[in-house]
Amino acid sequence: MKLPEVSDKLVTAGLIVVAESPEYFGEVIRSDYAKYGKLVRDIGFQPQ
Amino acid sequence: MKELRVFVLSAFALGFASAALAQLYPAKPIKIVIPFPPGNTMDIMTRLIAPKMSERLGQPIVAENRPGASGMLGLDFVAKAAPDGYTLAAGQGGNLVVLPHTSKNIPYDALKDFLPIAVSTTNYLGIVAYPEVPFKSIGEMISYAKANPGKLTVATNGEGGFPHLAFEHLRVMGSFTFTHVPYKGSAARAFRSGPTHRRRPRRFAATSRAAGSATSRRRERRGRSFSSSTTRSTTR
């Protein structure tokens with residue numbers, strides 16, 4: 001991810017490169033999972 | 001509006017924890033399942049990274065598209081594959097953290113069936129509108145929506161998708177109403193429906209497509225764009 005030849009292309013595609021640890025990634029998944037679960041409940045979205 | 005994370009990642013099935021196995025890994029080619037069609041952002045990202053992984057690991061990395069059900073089919077395939085570290089998934093926020101809440105029939109457990117390996121990218125959610133709209137900022141848009149209940153029309157790439165949920169979040173925070181027009185598939189399709197939008201100039205398109213895509217860039221030039229976030233979405 002940190003190689004310029006890779007990251008430059010990703011940036012060109014409009015993406016933001018994030019090179020973090022697996023632990024960070026796991027935490028992102030857990031917190032986002034909780035965040036969107038709460039949001040879906042808060043707005044009363046019915047699972048389809 | 002809060003930023004929208006559409007982070008991209010690789011995950012692989014649990015169980016690959018043996019130290020002895022890890023020392024030999026990888027002893028054969030590794031497959032990365034892309035749960036989206038060719039040309040999708042995930043597809044581009046994975047195919048950029050795969051050759052570098054191959055160089056580093058000394059084994060071929062095979063990228064395989066298994067699209068369907070908004071990315072659930074591909075993740076399910078990996079969830080049920082042998083948990084030996086040779087079948088990875090290029091997942092993202094939609095099929096890992098949103099669909100488990102918005103889909104009735106989610107075939108995998110996003111938190112238990114995968115082991116995170118690496119997060120690779122995030123991107124933004126943007127809101128664009130035609131120049132005719134009578135507001136120039138998100139604050140003015142909310143004021144307009146409050147003064148004209150139901151008149152604000154928002155096109156997104158689908159019911160329960162990131163853009164839809166983000167706009168719903170904004171609605172709850174701003175206490176206004178809007179009419180949702182979900183389009184199936186990419187937000188680009190919502191953009192392309194130009195004539196319809198022209199007739200209804202207050203329609204919006206919320207997109208999670210990469211900001212640099214030709215479609216959104218062109219639309220932003222023609223229309224008015226609002227950045228949904230000025231902070232990096234990974235800042236926590």
# chains A, B, ... in the order shown; residues from 1 in each chain; ligands from 1

call {"tool": "closest_atom_pairs", "arguments": {"of": "chain A", "to": "chain B", "cutoff": "8 Å", "atoms": "only C-alpha atoms", "output": "CSV"}}
result
residue,atom,partner,partner_atom,distance
A:Met1,CA,B:Ser120,CA,6.8
A:Val6,CA,B:Leu48,CA,6.3
A:Leu10,CA,B:Met45,CA,6.9
A:Thr12,CA,B:Gly212,CA,6.7
A:Ala13,CA,B:Gly212,CA,5.5
A:Gly14,CA,B:Gly212,CA,4.3
A:Leu15,CA,B:Asn123,CA,5.0
A:Ile16,CA,B:Thr122,CA,5.1
A:Val17,CA,B:Thr121,CA,4.4
A:Val18,CA,B:Ser120,CA,5.0
A:Ala19,CA,B:Ser120,CA,5.8
A:Glu20,CA,B:Val119,CA,6.3
A:Ser21,CA,B:Ala118,CA,6.3
A:Pro22,CA,B:Ile117,CA,4.8
A:Glu23,CA,B:Pro116,CA,7.6
A:Phe25,CA,B:Val119,CA,5.5
A:Gly26,CA,B:Pro116,CA,5.5
A:Ile29,CA,B:Val97,CA,6.7
A:Arg30,CA,B:Leu111,CA,7.1
A:Asp32,CA,B:Val97,CA,6.1
A:Tyr33,CA,B:Val97,CA,4.4
A:Ala34,CA,B:Val97,CA,8.0
A:Tyr36,CA,B:Val98,CA,6.0
A:Gly37,CA,B:His101,CA,5.6
A:Leu39,CA,B:His169,CA,6.9
A:Val40,CA,B:His101,CA,6.8
A:Ile43,CA,B:Glu168,CA,6.7
A:Phe45,CA,B:Thr102,CA,7.3
A:Gln46,CA,B:Thr102,CA,6.9
A:Pro47,CA,B:Thr102,CA,4.3
A:Gln48,CA,B:Ser103,CA,5.0

call {"tool": "residues_around", "arguments": {"residues": "Lys80 (chain B)", "least_positions_apart": "5", "cutoff": "10 Å", "atoms": "only C-alpha atoms", "output": "list of chain:residue names"}}
result
B:Ala13, B:Leu75, B:Thr87, B:Pro107, B:Tyr108, B:Asp113

call {"tool": "write_last_selection", "arguments": {"atoms": "all heavy atoms", "output": "CSV table (one decimal), in the first residue's frame"}}
result
chain,number,residue,atom,x,y,z
B,13,ALA,N,-10.9,-16.1,6.2
B,13,ALA,CA,-11.7,-16.9,7.1
B,13,ALA,C,-10.9,-17.2,8.3
B,13,ALA,O,-9.7,-17.4,8.3
B,13,ALA,CB,-12.2,-18.1,6.4
B,75,LEU,N,-18.5,-12.5,-0.3
B,75,LEU,CA,-18.1,-12.7,1.1
B,75,LEU,C,-18.5,-14.0,1.7
B,75,LEU,O,-17.8,-14.7,2.4
B,75,LEU,CB,-18.7,-11.6,2.0
B,75,LEU,CG,-17.9,-10.3,2.1
B,75,LEU,CD1,-18.3,-9.5,3.4
B,75,LEU,CD2,-16.4,-10.5,2.2
B,87,THR,N,-7.8,-18.3,0.8
B,87,THR,CA,-8.9,-17.7,0.2
B,87,THR,C,-9.2,-16.4,0.9
B,87,THR,O,-9.7,-16.4,2.1
B,87,THR,CB,-10.2,-18.6,0.2
B,87,THR,OG1,-9.8,-19.8,-0.4
B,87,THR,CG2,-11.3,-18.0,-0.6
B,107,PRO,N,-25.9,-14.2,5.0
B,107,PRO,CA,-25.5,-15.6,5.1
B,107,PRO,C,-24.2,-15.8,5.9
B,107,PRO,O,-23.8,-16.9,6.1
B,107,PRO,CB,-25.3,-16.0,3.6
B,107,PRO,CG,-24.9,-14.8,2.9
B,107,PRO,CD,-25.6,-13.6,3.7
B,108,TYR,N,-23.6,-14.7,6.4
B,108,TYR,CA,-22.4,-14.8,7.1
B,108,TYR,C,-22.4,-13.9,8.3
B,108,TYR,O,-23.2,-13.0,8.4
B,108,TYR,CB,-21.2,-14.5,6.3
B,108,TYR,CG,-21.3,-13.2,5.5
B,108,TYR,CD1,-21.1,-12.0,6.1
B,108,TYR,CD2,-21.8,-13.2,4.2
B,108,TYR,CE1,-21.2,-10.8,5.5
B,108,TYR,CE2,-22.0,-12.0,3.5
B,108,TYR,CZ,-21.7,-10.8,4.2
B,108,TYR,OH,-21.9,-9.6,3.5
B,113,ASP,N,-16.8,-14.5,11.1
B,113,ASP,CA,-16.4,-15.4,10.0
B,113,ASP,C,-15.1,-14.9,9.3
B,113,ASP,O,-14.6,-15.6,8.4
B,113,ASP,CB,-17.5,-15.5,8.9
B,113,ASP,CG,-18.7,-16.3,9.5
B,113,ASP,OD1,-18.5,-17.0,10.5
B,113,ASP,OD2,-19.7,-16.3,8.8

call {"tool": "atom_distance", "arguments": {"atom1": "CA of Pro149 (chain B)", "atom2": "CA of Pro134 (chain B)"}}
result
14.6 Å

call {"tool": "atom_distance", "arguments": {"atom1": "CA of His180 (chain B)", "atom2": "CA of Arg41 (chain A)"}}
result
18.1 Å

call {"tool": "atom_distance", "arguments": {"atom1": "CA of Gly158 (chain B)", "atom2": "CA of Ala89 (chain B)"}}
result
23.1 Å

call {"tool": "select_by_dssp", "arguments": {"residues": "chain A", "states": "helix (DSSP H, G or I)", "output": "JSON list (two decimals) with C-alpha atoms, in the first residue's frame"}}
result
[["chain", "number", "residue", "atom", "x", "y", "z"],
["A", 4, "PRO", "CA", 4.18, 4.95, -4.66],
["A", 5, "GLU", "CA", 3.29, 3.01, -7.80],
["A", 6, "VAL", "CA", 0.29, 1.54, -5.98],
["A", 7, "SER", "CA", -0.75, 4.40, -3.73],
["A", 8, "ASP", "CA", -0.47, 7.01, -6.48],
["A", 9, "LYS", "CA", -2.93, 5.08, -8.63],
["A", 10, "LEU", "CA", -5.35, 4.69, -5.75],
["A", 11, "VAL", "CA", -5.19, 8.42, -5.04],
["A", 12, "THR", "CA", -5.80, 9.09, -8.73],
["A", 22, "PRO", "CA", -4.82, -5.59, 11.30],
["A", 23, "GLU", "CA", -5.75, -4.56, 14.84],
["A", 24, "TYR", "CA", -6.77, -1.12, 13.66],
["A", 25, "PHE", "CA", -8.77, -2.69, 10.87],
["A", 26, "GLY", "CA", -10.54, -5.04, 13.27],
["A", 27, "GLU", "CA", -11.43, -2.10, 15.48],
["A", 28, "VAL", "CA", -12.79, -0.18, 12.47],
["A", 29, "ILE", "CA", -15.03, -3.10, 11.55],
["A", 30, "ARG", "CA", -16.31, -3.53, 15.09],
["A", 31, "SER", "CA", -17.01, 0.15, 15.66],
["A", 32, "ASP", "CA", -18.57, 0.71, 12.25],
["A", 33, "TYR", "CA", -20.67, -2.41, 12.65],
["A", 34, "ALA", "CA", -22.05, -0.97, 15.88],
["A", 35, "LYS", "CA", -22.41, 2.51, 14.39],
["A", 36, "TYR", "CA", -24.44, 1.43, 11.39],
["A", 37, "GLY", "CA", -26.50, -0.98, 13.48],
["A", 38, "LYS", "CA", -27.51, 1.93, 15.69],
["A", 39, "LEU", "CA", -28.18, 4.19, 12.70],
["A", 40, "VAL", "CA", -30.38, 1.59, 11.01],
["A", 41, "ARG", "CA", -32.39, 1.20, 14.22],
["A", 42, "ASP", "CA", -32.56, 4.96, 14.84]]

call {"tool": "residues_around", "arguments": {"residues": "Ile34 (chain B)", "least_positions_apart": "5", "cutoff": "8 Å", "atoms": "only C-alpha atoms", "output": "number ranges by chain"}}
result
B: 42-43, 46, 63-67, 74, 89-91

call {"tool": "write_last_selection", "arguments": {"atoms": "C-alpha atoms", "output": "short mmCIF file (atom, residue, chain, number, x, y, z; two decimals), in the first residue's frame"}}
result
data_model
loop_
_atom_site.label_atom_id
_atom_site.label_comp_id
_atom_site.auth_asym_id
_atom_site.auth_seq_id
_atom_site.Cartn_x
_atom_site.Cartn_y
_atom_site.Cartn_z
CA MET B 42 -12.83 -2.80 -5.19
CA ASP B 43 -11.83 -4.60 -8.36
CA THR B 46 -7.47 -5.45 -5.56
CA ALA B 63 -8.06 -12.17 -8.14
CA GLU B 64 -11.50 -13.58 -8.83
CA ASN B 65 -14.74 -11.62 -9.28
CA ARG B 66 -17.77 -13.14 -7.58
CA PRO B 67 -20.33 -10.34 -7.73
CA GLY B 74 -18.52 -13.15 -2.62
CA ALA B 89 -11.87 -11.46 0.43
CA ALA B 90 -11.74 -7.88 -0.70
CA GLY B 91 -14.59 -6.63 1.42
#

call {"tool": "decode", "arguments": {"residues": "region 33-46 of chain A", "atoms": "N, CA, C and O atoms", "output": "short mmCIF file (atom, residue, chain, number, x, y, z; two decimals), in the first residue's frame"}}
result
data_model
loop_
_atom_site.label_atom_id
_atom_site.label_comp_id
_atom_site.auth_asym_id
_atom_site.auth_seq_id
_atom_site.Cartn_x
_atom_site.Cartn_y
_atom_site.Cartn_z
N TYR A 33 -19.56 -1.46 12.57
CA TYR A 33 -20.67 -2.41 12.65
C TYR A 33 -21.68 -1.91 13.68
O TYR A 33 -22.89 -1.88 13.44
N ALA A 34 -21.18 -1.49 14.82
CA ALA A 34 -22.05 -0.97 15.88
C ALA A 34 -22.70 0.34 15.45
O ALA A 34 -23.88 0.57 15.66
N LYS A 35 -21.91 1.19 14.80
CA LYS A 35 -22.41 2.51 14.39
C LYS A 35 -23.57 2.39 13.40
O LYS A 35 -24.60 3.03 13.56
N TYR A 36 -23.38 1.55 12.39
CA TYR A 36 -24.44 1.43 11.39
C TYR A 36 -25.63 0.64 11.92
O TYR A 36 -26.77 0.87 11.51
N GLY A 37 -25.39 -0.27 12.85
CA GLY A 37 -26.50 -0.98 13.48
C GLY A 37 -27.39 0.01 14.22
O GLY A 37 -28.61 -0.01 14.11
N LYS A 38 -26.76 0.92 14.94
CA LYS A 38 -27.51 1.93 15.69
C LYS A 38 -28.25 2.86 14.73
O LYS A 38 -29.43 3.18 14.94
N LEU A 39 -27.56 3.28 13.67
CA LEU A 39 -28.18 4.19 12.70
C LEU A 39 -29.42 3.56 12.07
O LEU A 39 -30.47 4.17 11.97
N VAL A 40 -29.27 2.29 11.66
CA VAL A 40 -30.38 1.59 11.01
C VAL A 40 -31.58 1.50 11.97
O VAL A 40 -32.73 1.69 11.56
N ARG A 41 -31.29 1.26 13.23
CA ARG A 41 -32.39 1.20 14.22
C ARG A 41 -32.98 2.59 14.46
O ARG A 41 -34.19 2.76 14.51
N ASP A 42 -32.11 3.59 14.55
CA ASP A 42 -32.56 4.96 14.84
C ASP A 42 -33.49 5.50 13.76
O ASP A 42 -34.43 6.24 14.04
N ILE A 43 -33.20 5.18 12.51
CA ILE A 43 -34.02 5.73 11.43
C ILE A 43 -35.20 4.81 11.12
O ILE A 43 -36.01 5.10 10.24
N GLY A 44 -35.29 3.71 11.83
CA GLY A 44 -36.42 2.81 11.63
C GLY A 44 -36.40 2.07 10.31
O GLY A 44 -37.43 1.74 9.75
N PHE A 45 -35.20 1.82 9.79
CA PHE A 45 -35.09 1.12 8.51
C PHE A 45 -35.47 -0.35 8.67
O PHE A 45 -35.01 -1.01 9.59
N GLN A 46 -36.36 -0.82 7.79
CA GLN A 46 -36.76 -2.23 7.85
C GLN A 46 -35.84 -3.08 6.98
O GLN A 46 -35.73 -2.82 5.78
#
